[in-house]
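A.B. asks: Please find input04.cif (mmCIF, C-alpha atoms and all ligand atoms) on the next line:
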```cif
data_model
#
loop_
_atom_site.label_atom_id
_atom_site.label_comp_id
_atom_site.auth_asym_id
_atom_site.auth_seq_id
_atom_site.Cartn_x
_atom_site.Cartn_y
_atom_site.Cartn_z
CA MET A 1 -11.61 -21.62 23.67
CA ARG A 2 -13.11 -23.03 20.55
CA GLY A 3 -14.72 -21.20 17.74
CA ILE A 4 -14.26 -19.80 14.32
CA ILE A 5 -10.46 -20.10 14.26
CA THR A 6 -10.57 -23.88 14.60
CA MET A 7 -13.19 -24.38 11.93
CA GLY A 8 -12.10 -25.80 8.61
CA ASN A 9 -8.82 -24.36 7.43
CA ALA A 10 -9.45 -20.84 8.72
CA LYS A 11 -6.26 -19.04 9.64
CA LYS A 12 -5.32 -15.71 11.13
CA CYS A 13 -3.77 -13.01 9.00
CA CYS A 14 -0.44 -11.84 10.43
CA LEU A 15 -0.94 -8.29 9.15
CA CYS A 16 -4.51 -7.35 10.08
CA GLY A 17 -5.41 -10.21 12.42
CA GLY A 18 -8.41 -11.09 10.29
CA ILE A 19 -9.54 -14.62 9.55
CA TYR A 20 -9.01 -16.07 6.11
CA SER A 21 -9.28 -19.54 4.63
CA GLY A 22 -7.17 -21.33 2.10
CA TYR A 23 -3.44 -20.98 1.63
CA GLY A 24 -3.16 -17.28 2.30
CA HIS A 25 -0.46 -15.11 0.80
CA ASN A 26 3.17 -14.32 1.44
CA PRO A 27 3.25 -10.98 3.31
CA GLN A 28 6.90 -10.19 2.69
CA PRO A 29 8.46 -7.65 2.81
CA PHE A 30 6.07 -6.76 5.66
CA ALA A 31 6.18 -9.86 7.79
CA GLU A 32 6.89 -13.56 8.05
CA GLY A 33 4.00 -16.01 7.88
CA ARG A 34 0.80 -15.72 5.91
CA CYS A 35 -1.63 -12.91 5.29
CA CYS A 36 -5.15 -12.66 3.88
CA ALA A 37 -6.05 -11.79 0.31
CA ILE A 38 -7.18 -8.29 1.30
CA CYS A 39 -3.84 -7.39 2.88
CA ASN A 40 -2.00 -8.97 -0.02
CA PHE A 41 -3.93 -6.85 -2.46
CA GLU A 42 -3.98 -3.58 -0.49
CA LYS A 43 -0.54 -3.63 1.19
CA VAL A 44 1.84 -6.28 -0.07
CA ILE A 45 1.44 -5.89 -3.82
CA PRO A 46 1.74 -2.07 -3.84
CA GLU A 47 4.86 -2.33 -1.67
CA ARG A 48 6.39 -4.91 -4.02
CA VAL A 49 5.63 -2.71 -7.00
CA ARG A 50 7.32 0.18 -5.20
CA LEU A 51 10.40 -1.91 -4.40
CA PHE A 52 10.70 -3.25 -7.92
CA GLY A 53 10.40 0.26 -9.26
CA ALA A 54 13.20 1.40 -6.97
CA ILE A 55 15.47 -1.46 -8.04
CA ARG A 56 14.90 -1.01 -11.74
CA ARG A 57 15.52 2.71 -11.69
ZN ZN B 101 -5.11 -9.28 6.48
#
```
Output the structure of this file as structure tokens.

C.D. replies:
Amino acid sequence: MRGIITMGNAKKCCLCGGIYSGYGHNPQPFAEGRCCAICNFEKVIPERVRLFGAIRR
């Protein structure tokens, strides 16, 4: 099987399974590995903000 995943530095997001290129983002606290910019922006950052808010309170 060869195709889009092997092209360039494309990688698979561990949260949504989508393809991204570049370094990716740290998906913790959701998962180990790397996730795409969309998941980072829509899921990871809001969760981190929530956690930080809980700690600081
Ligand atoms: Zn993703």

A.B. asks: Can you work out which one of A:Gly17, A:Glu42, A:Gly53, A:Pro29 has the shortest atom-to-atom distance to ligand ZN 101 (chain B), counting only C-alpha atoms and all ligand atoms?

C.D. replies: A:Gly17

A.B. asks: Work out how far CA of Gly22 in chain A is from CA of Arg50 in chain A, in Å to one decimal.

C.D. replies: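 Calculated distance between CA of Arg50 in chain A and CA of Gly22 in chain A is 26.9 Å.
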
A.B. asks: Using all atoms listed in the file, what are the residues with an atom within 12 Å of ligand ZN 101 (chain B), set out as a PyMOL selection string?

C.D. replies: chain A and resi 11-21+24-27+30-31+33-44

A.B. asks: Mind filling out range 6-35 of chain A with N, CA and C atoms and sending it as a compact mmCIF listing (two decimals), in the coordinates of the input?

C.D. replies:
```txt
# COMPACT_ATOMS: atom_id res chain seq x y z
N THR A 6 -10.83 -22.46 14.75
CA THR A 6 -10.57 -23.88 14.60
C THR A 6 -11.42 -24.54 13.51
N MET A 7 -12.32 -23.81 12.96
CA MET A 7 -13.19 -24.38 11.93
C MET A 7 -12.47 -24.49 10.60
N GLY A 8 -12.62 -25.63 9.95
CA GLY A 8 -12.10 -25.80 8.61
C GLY A 8 -10.62 -25.47 8.55
N ASN A 9 -10.22 -24.75 7.54
CA ASN A 9 -8.82 -24.36 7.43
C ASN A 9 -8.66 -22.86 7.64
N ALA A 10 -9.54 -22.28 8.46
CA ALA A 10 -9.45 -20.84 8.72
C ALA A 10 -8.15 -20.52 9.44
N LYS A 11 -7.51 -19.46 9.03
CA LYS A 11 -6.26 -19.04 9.64
C LYS A 11 -6.31 -17.55 9.93
N LYS A 12 -5.34 -17.11 10.73
CA LYS A 12 -5.32 -15.71 11.13
C LYS A 12 -4.27 -14.96 10.31
N CYS A 13 -4.68 -13.85 9.78
CA CYS A 13 -3.77 -13.01 9.00
C CYS A 13 -2.75 -12.36 9.92
N CYS A 14 -1.47 -12.39 9.56
CA CYS A 14 -0.44 -11.84 10.43
C CYS A 14 -0.31 -10.33 10.27
N LEU A 15 -1.01 -9.74 9.32
CA LEU A 15 -0.94 -8.29 9.15
C LEU A 15 -2.12 -7.59 9.81
N CYS A 16 -3.34 -8.04 9.54
CA CYS A 16 -4.51 -7.35 10.08
C CYS A 16 -5.19 -8.14 11.18
N GLY A 17 -4.79 -9.41 11.39
CA GLY A 17 -5.41 -10.21 12.42
C GLY A 17 -6.75 -10.80 12.01
N GLY A 18 -7.14 -10.56 10.77
CA GLY A 18 -8.41 -11.09 10.29
C GLY A 18 -8.33 -12.57 9.97
N ILE A 19 -9.47 -13.19 9.85
CA ILE A 19 -9.54 -14.62 9.55
C ILE A 19 -9.67 -14.81 8.04
N TYR A 20 -8.86 -15.72 7.52
CA TYR A 20 -9.01 -16.07 6.11
C TYR A 20 -8.96 -17.58 5.99
N SER A 21 -9.37 -18.10 4.86
CA SER A 21 -9.28 -19.54 4.63
C SER A 21 -8.44 -19.78 3.39
N GLY A 22 -8.01 -21.01 3.24
CA GLY A 22 -7.17 -21.33 2.10
C GLY A 22 -5.70 -21.16 2.44
N TYR A 23 -4.88 -21.00 1.42
CA TYR A 23 -3.44 -20.98 1.63
C TYR A 23 -2.93 -19.64 2.14
N GLY A 24 -3.66 -18.58 1.90
CA GLY A 24 -3.16 -17.28 2.30
C GLY A 24 -2.12 -16.79 1.32
N HIS A 25 -1.44 -15.73 1.70
CA HIS A 25 -0.46 -15.11 0.80
C HIS A 25 0.81 -14.80 1.58
N ASN A 26 1.89 -14.68 0.84
CA ASN A 26 3.17 -14.32 1.44
C ASN A 26 3.19 -12.82 1.70
N PRO A 27 3.34 -12.41 2.98
CA PRO A 27 3.25 -10.98 3.31
C PRO A 27 4.57 -10.23 3.21
N GLN A 28 5.63 -10.90 2.79
CA GLN A 28 6.90 -10.19 2.69
C GLN A 28 6.81 -9.11 1.62
N PRO A 29 7.43 -7.96 1.80
CA PRO A 29 8.46 -7.65 2.81
C PRO A 29 7.93 -7.15 4.15
N PHE A 30 6.63 -7.29 4.42
CA PHE A 30 6.07 -6.76 5.66
C PHE A 30 6.31 -7.66 6.84
N ALA A 31 6.14 -8.96 6.65
CA ALA A 31 6.18 -9.86 7.79
C ALA A 31 6.45 -11.28 7.32
N GLU A 32 6.78 -12.13 8.31
CA GLU A 32 6.89 -13.56 8.05
C GLU A 32 5.51 -14.19 8.28
N GLY A 33 5.25 -15.30 7.64
CA GLY A 33 4.00 -16.01 7.88
C GLY A 33 3.08 -15.90 6.68
N ARG A 34 1.79 -15.78 6.97
CA ARG A 34 0.80 -15.72 5.91
C ARG A 34 -0.16 -14.58 6.18
N CYS A 35 -0.64 -13.97 5.12
CA CYS A 35 -1.63 -12.91 5.29
C CYS A 35 -2.84 -13.20 4.40
```
